[in-house]
Every structure is written in C-alpha cells, then in structure tokens.
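What follows is a short report on a single structure.
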Amino acid sequence: HIVQNFTNNPVLDRLPPEDQRKVLARLPTGLPLTVTANLISDEDYWKRCCTDRWQVCDISNHGGSWKRMFFERHLENILKCFVPNTTDPDQVLELIPLCRGYVRKLEVDQFLPPVKEDQKEERDDLSDSGSDLEFGEVCIHHYDLRALVPALPLLEELHLTYGVKECGMNFEWNLFKFTYQDCCNLAAAVKMCHNLKIFKLT
C-alpha cells in the first residue's frame, strides 16, 4: 500500500529503519524525481535507477556514488539533447533544485545548435542567388549555460564539446560552429562557477 501510493504520500522518513529498507527495495525506479531526489539517499535504490537506465555504469567516475552518478548523467543527457528554440528551457531549470546537491562533474560531449524549418530554404535561396553572405549567426547559438552552471554549487569539473555526434551524411560546418555569443555566454558562466577546478572545451 505504501509503495503503490508513494508518489502521493512519500512517508519514508516516518517509517522505522527496517520498514524503510523493505519499501526502498520495492519502489519502482520510474518515480518522479520531484518525489525521490531529496528524499531518498539509499545507494541501493539509486543503483537500481542507474542500472535500469544505462547498460554501462562506472561509479568510479562519479566519486563512488550511485546517486551522484544518476543525477550527473541525467543532467548530461538533457543537455546533450537540448535544441535551442525548440526544447523547453524549463526541462533544465526545473532539474536544478533536484540535482544541485549531487552534481560535481558534467561531461557534455554534444551541444546541438537550433533547428529551424526555414534554414534549408534560406540556404538554398542564398546558393541560387550566388550570394556569399554568411548564414545568419543568430540562428546557431547553443544552450546558454549561464542559468545552469552557477546554480550548481558543488560543480568542480566541466567538460564541454560544441558539436554534433554521429551526424553522418548530414554533416555541415555550422553544426560545429562555436559562435562569438557562445564564447561570451560560456565565459560569463564559468566566471560565476566559483568551485570549478577542471575545465575542458573541445
């Protein structure tokens, strides 16, 4: 009964330790993070969350903590899939109060540029007219980390790659462009990250 109603009535901290262990062992790993993030510290529960989601789980890369691993990789995945002007920024912002106490390292090996329906048409028009005008840089800025990085007080390592993985036949140089605005945004974000010890940019 407690397990079935846990989302609406997470009474874990009011149970005796023995009952807590029984409940934690039965809880599904797909519960909303708004319920579990700041309530459950049990490493066995977060181990199940990790192994249910990812085939390869190396906690040595995450300080030996399953919970830290879960939130670091979860946030990394959201950032890797974030498409500016398409993805709702709240997907990132709403995660901050849930993960800010656990994220010490972020390795984001892909940053996607915006995708616009009219981009191809505009490029075709420029090509047909023989114009050498640079395709509007305003269209290709990446996710602005200024709202995220300073809100992660424990962040010590930040590894970023501005580019697209496995683009294959869809390769375009614009997919790997690091704009002046990207540079300014990133510089401002890093400047506000006071505990940062390691920073890698590729």
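Order determines the names: the first chain of the structure tokens is A, the second B, and so forth; residues in each chain are numbered 1 upward, and ligands are numbered 1 upward as they are shown.
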Residue neighbourhood Phe111 (chain A), 10 Å, only C-alpha atoms, exclusion window fewer than 2 positions, as a PyMOL selection string: chain A and resi 79-84+108-109+113-114+141-143+160-165+175-176
Could you please take those selected residues and save N, CA and C atoms as a PDB file, in the first residue's frame?
```
ATOM      1  N   LEU A  79      21.139  17.931 -21.398  1.00  0.00           N
ATOM      2  CA  LEU A  79      21.907  18.962 -22.092  1.00  0.00           C
ATOM      3  C   LEU A  79      22.317  18.506 -23.495  1.00  0.00           C
ATOM      4  N   LYS A  80      22.660  17.229 -23.641  1.00  0.00           N
ATOM      5  CA  LYS A  80      23.063  16.710 -24.951  1.00  0.00           C
ATOM      6  C   LYS A  80      21.924  16.757 -25.961  1.00  0.00           C
ATOM      7  N   CYS A  81      20.709  16.621 -25.478  1.00  0.00           N
ATOM      8  CA  CYS A  81      19.545  16.565 -26.372  1.00  0.00           C
ATOM      9  C   CYS A  81      18.826  17.904 -26.484  1.00  0.00           C
ATOM     10  N   PHE A  82      19.336  18.917 -25.797  1.00  0.00           N
ATOM     11  CA  PHE A  82      18.663  20.219 -25.786  1.00  0.00           C
ATOM     12  C   PHE A  82      18.840  20.921 -27.130  1.00  0.00           C
ATOM     13  N   VAL A  83      17.715  21.301 -27.737  1.00  0.00           N
ATOM     14  CA  VAL A  83      17.735  22.029 -29.011  1.00  0.00           C
ATOM     15  C   VAL A  83      17.239  23.450 -28.755  1.00  0.00           C
ATOM     16  N   PRO A  84      18.112  24.448 -28.837  1.00  0.00           N
ATOM     17  CA  PRO A  84      17.688  25.832 -28.597  1.00  0.00           C
ATOM     18  C   PRO A  84      16.518  26.232 -29.491  1.00  0.00           C
ATOM     19  N   VAL A 108      29.631  16.904 -21.066  1.00  0.00           N
ATOM     20  CA  VAL A 108      28.642  17.043 -22.135  1.00  0.00           C
ATOM     21  C   VAL A 108      29.384  16.967 -23.465  1.00  0.00           C
ATOM     22  N   ASP A 109      29.288  15.814 -24.135  1.00  0.00           N
ATOM     23  CA  ASP A 109      30.071  15.601 -25.354  1.00  0.00           C
ATOM     24  C   ASP A 109      29.299  15.956 -26.622  1.00  0.00           C
ATOM     25  N   PRO A 113      22.937  22.714 -32.072  1.00  0.00           N
ATOM     26  CA  PRO A 113      22.514  24.054 -32.480  1.00  0.00           C
ATOM     27  C   PRO A 113      21.006  24.061 -32.712  1.00  0.00           C
ATOM     28  N   PRO A 114      20.411  25.232 -32.845  1.00  0.00           N
ATOM     29  CA  PRO A 114      18.972  25.286 -33.143  1.00  0.00           C
ATOM     30  C   PRO A 114      18.663  24.661 -34.497  1.00  0.00           C
ATOM     31  N   HIS A 141      23.373  29.812 -32.157  1.00  0.00           N
ATOM     32  CA  HIS A 141      23.891  29.812 -30.796  1.00  0.00           C
ATOM     33  C   HIS A 141      23.418  28.560 -30.067  1.00  0.00           C
ATOM     34  N   HIS A 142      24.271  28.058 -29.177  1.00  0.00           N
ATOM     35  CA  HIS A 142      23.952  26.854 -28.422  1.00  0.00           C
ATOM     36  C   HIS A 142      23.313  27.206 -27.075  1.00  0.00           C
ATOM     37  N   TYR A 143      23.000  26.165 -26.305  1.00  0.00           N
ATOM     38  CA  TYR A 143      22.378  26.383 -24.996  1.00  0.00           C
ATOM     39  C   TYR A 143      23.258  27.282 -24.127  1.00  0.00           C
ATOM     40  N   LEU A 160      33.114  20.204 -21.985  1.00  0.00           N
ATOM     41  CA  LEU A 160      32.117  20.582 -22.987  1.00  0.00           C
ATOM     42  C   LEU A 160      32.641  20.368 -24.399  1.00  0.00           C
ATOM     43  N   THR A 161      31.766  19.865 -25.259  1.00  0.00           N
ATOM     44  CA  THR A 161      32.069  19.740 -26.683  1.00  0.00           C
ATOM     45  C   THR A 161      30.955  20.406 -27.473  1.00  0.00           C
ATOM     46  N   TYR A 162      31.307  21.455 -28.190  1.00  0.00           N
ATOM     47  CA  TYR A 162      30.321  22.145 -29.021  1.00  0.00           C
ATOM     48  C   TYR A 162      30.333  21.499 -30.401  1.00  0.00           C
ATOM     49  N   GLY A 163      29.406  20.587 -30.617  1.00  0.00           N
ATOM     50  CA  GLY A 163      29.332  19.873 -31.879  1.00  0.00           C
ATOM     51  C   GLY A 163      28.261  18.810 -31.805  1.00  0.00           C
ATOM     52  N   VAL A 164      28.083  18.090 -32.896  1.00  0.00           N
ATOM     53  CA  VAL A 164      27.035  17.080 -33.002  1.00  0.00           C
ATOM     54  C   VAL A 164      27.673  15.721 -33.239  1.00  0.00           C
ATOM     55  N   LYS A 165      27.295  14.747 -32.428  1.00  0.00           N
ATOM     56  CA  LYS A 165      27.820  13.396 -32.596  1.00  0.00           C
ATOM     57  C   LYS A 165      27.041  12.656 -33.678  1.00  0.00           C
ATOM     58  N   LEU A 175      27.152  22.901 -37.776  1.00  0.00           N
ATOM     59  CA  LEU A 175      26.841  22.035 -36.633  1.00  0.00           C
ATOM     60  C   LEU A 175      27.957  22.061 -35.594  1.00  0.00           C
ATOM     61  N   PHE A 176      29.129  22.540 -35.997  1.00  0.00           N
ATOM     62  CA  PHE A 176      30.283  22.542 -35.102  1.00  0.00           C
ATOM     63  C   PHE A 176      30.792  23.959 -34.832  1.00  0.00           C
TER      64      PHE A 176
END
```
DSSP-assigned strand (DSSP E) members of chain A, reported as a count of residues only: 12
Which residue of A:Glu76, A:Ile96, A:Arg104, A:Thr29 approaches Gly63 (chain A) most closely, using only C-alpha atoms: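 Ranking A:Glu76, A:Ile96, A:Arg104, A:Thr29 by distance to Gly63 (chain A), first place goes to A:Arg104.
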Selected residue of minimal separation from Lys200 (chain A) among A:Leu155, A:Leu106, A:Val56, A:Val149, counting only C-alpha atoms: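 Between A:Leu155, A:Leu106, A:Val56, A:Val149, the residue approaching Lys200 (chain A) most closely is A:Leu106.
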Contacts of Arg48 (chain A) within 12 Å, only C-alpha atoms, excl. fewer than 6 positions in-chain, as a PyMOL selection string: chain A and resi 24-30+42+54-55+57+66-67+69-70
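Restricting the calculation to only C-alpha atoms, the smallest distance between Arg100 (chain A) and any of A:Glu72, A:Asp52, A:Asp88, A:Asp144 is found for A:Glu72.
For the atom pair formed by CA of Arg21 (chain A) and CA of Cys99 (chain A), the distance is 23.1 Å, given to one decimal.
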One-decimal distance in Å that lies between CA of Phe71 (chain A) and CA of Gly101 (chain A):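 Going from CA of Gly101 (chain A) over to CA of Phe71 (chain A) covers 9.5 Å.
Once Lys191 (chain A) and its same-chain neighbours fewer than 6 positions away are set aside, Leu145, Arg146, Val149, Pro150, Cys184, Asn185, Lys197 and Phe199 of chain A remain within 12 Å of it when counting only C-alpha atoms.
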Please, could you write that set of residues out with N, CA and C atoms as a JSON list (two decimals), in the first residue's frame?
```json
[["chain", "number", "residue", "atom", "x", "y", "z"],
["A", 145, "LEU", "N", 24.66, 28.34, -20.82],
["A", 145, "LEU", "CA", 24.90, 27.71, -19.52],
["A", 145, "LEU", "C", 24.83, 28.67, -18.34],
["A", 146, "ARG", "N", 24.63, 29.95, -18.61],
["A", 146, "ARG", "CA", 24.64, 30.93, -17.51],
["A", 146, "ARG", "C", 23.53, 30.69, -16.49],
["A", 149, "VAL", "N", 25.01, 26.57, -14.75],
["A", 149, "VAL", "CA", 26.29, 26.30, -14.08],
["A", 149, "VAL", "C", 26.43, 27.04, -12.73],
["A", 150, "PRO", "N", 26.10, 28.32, -12.64],
["A", 150, "PRO", "CA", 26.25, 28.99, -11.34],
["A", 150, "PRO", "C", 25.31, 28.45, -10.27],
["A", 184, "CYS", "N", 30.97, 34.30, -25.27],
["A", 184, "CYS", "CA", 30.63, 35.28, -24.22],
["A", 184, "CYS", "C", 29.77, 34.63, -23.13],
["A", 185, "ASN", "N", 28.78, 33.85, -23.55],
["A", 185, "ASN", "CA", 27.90, 33.19, -22.58],
["A", 185, "ASN", "C", 28.68, 32.21, -21.71],
["A", 197, "LYS", "N", 37.38, 23.48, -10.74],
["A", 197, "LYS", "CA", 38.80, 23.16, -10.69],
["A", 197, "LYS", "C", 39.33, 22.69, -12.05],
["A", 199, "PHE", "N", 38.38, 22.50, -16.25],
["A", 199, "PHE", "CA", 37.51, 22.94, -17.34],
["A", 199, "PHE", "C", 38.14, 22.51, -18.66]]
```
Counting only C-alpha atoms, the option among A:Pro153, A:Asn9, A:Ala37, A:Tyr45 closest to Lys22 (chain A): A:Tyr45
Per-residue DSSP, chain A, filtered to alpha helix (DSSP H), as number ranges by chain: A: 17-26, 33-36, 43-53, 66-80, 90-93, 96-99, 119-129, 180-191
Proximity to Leu98 (chain A) - best of A:His62, A:Arg68, A:Arg14, A:His194, only C-alpha atoms: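 The shortest atom-to-atom distance to Leu98 (chain A) comes from A:Arg68.
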A:Leu158, A:Met192, A:Leu33, A:Ile59 ranked by distance to Lys47 (chain A), top pick (using only C-alpha atoms):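 Nearest to Lys47 (chain A): A:Ile59.
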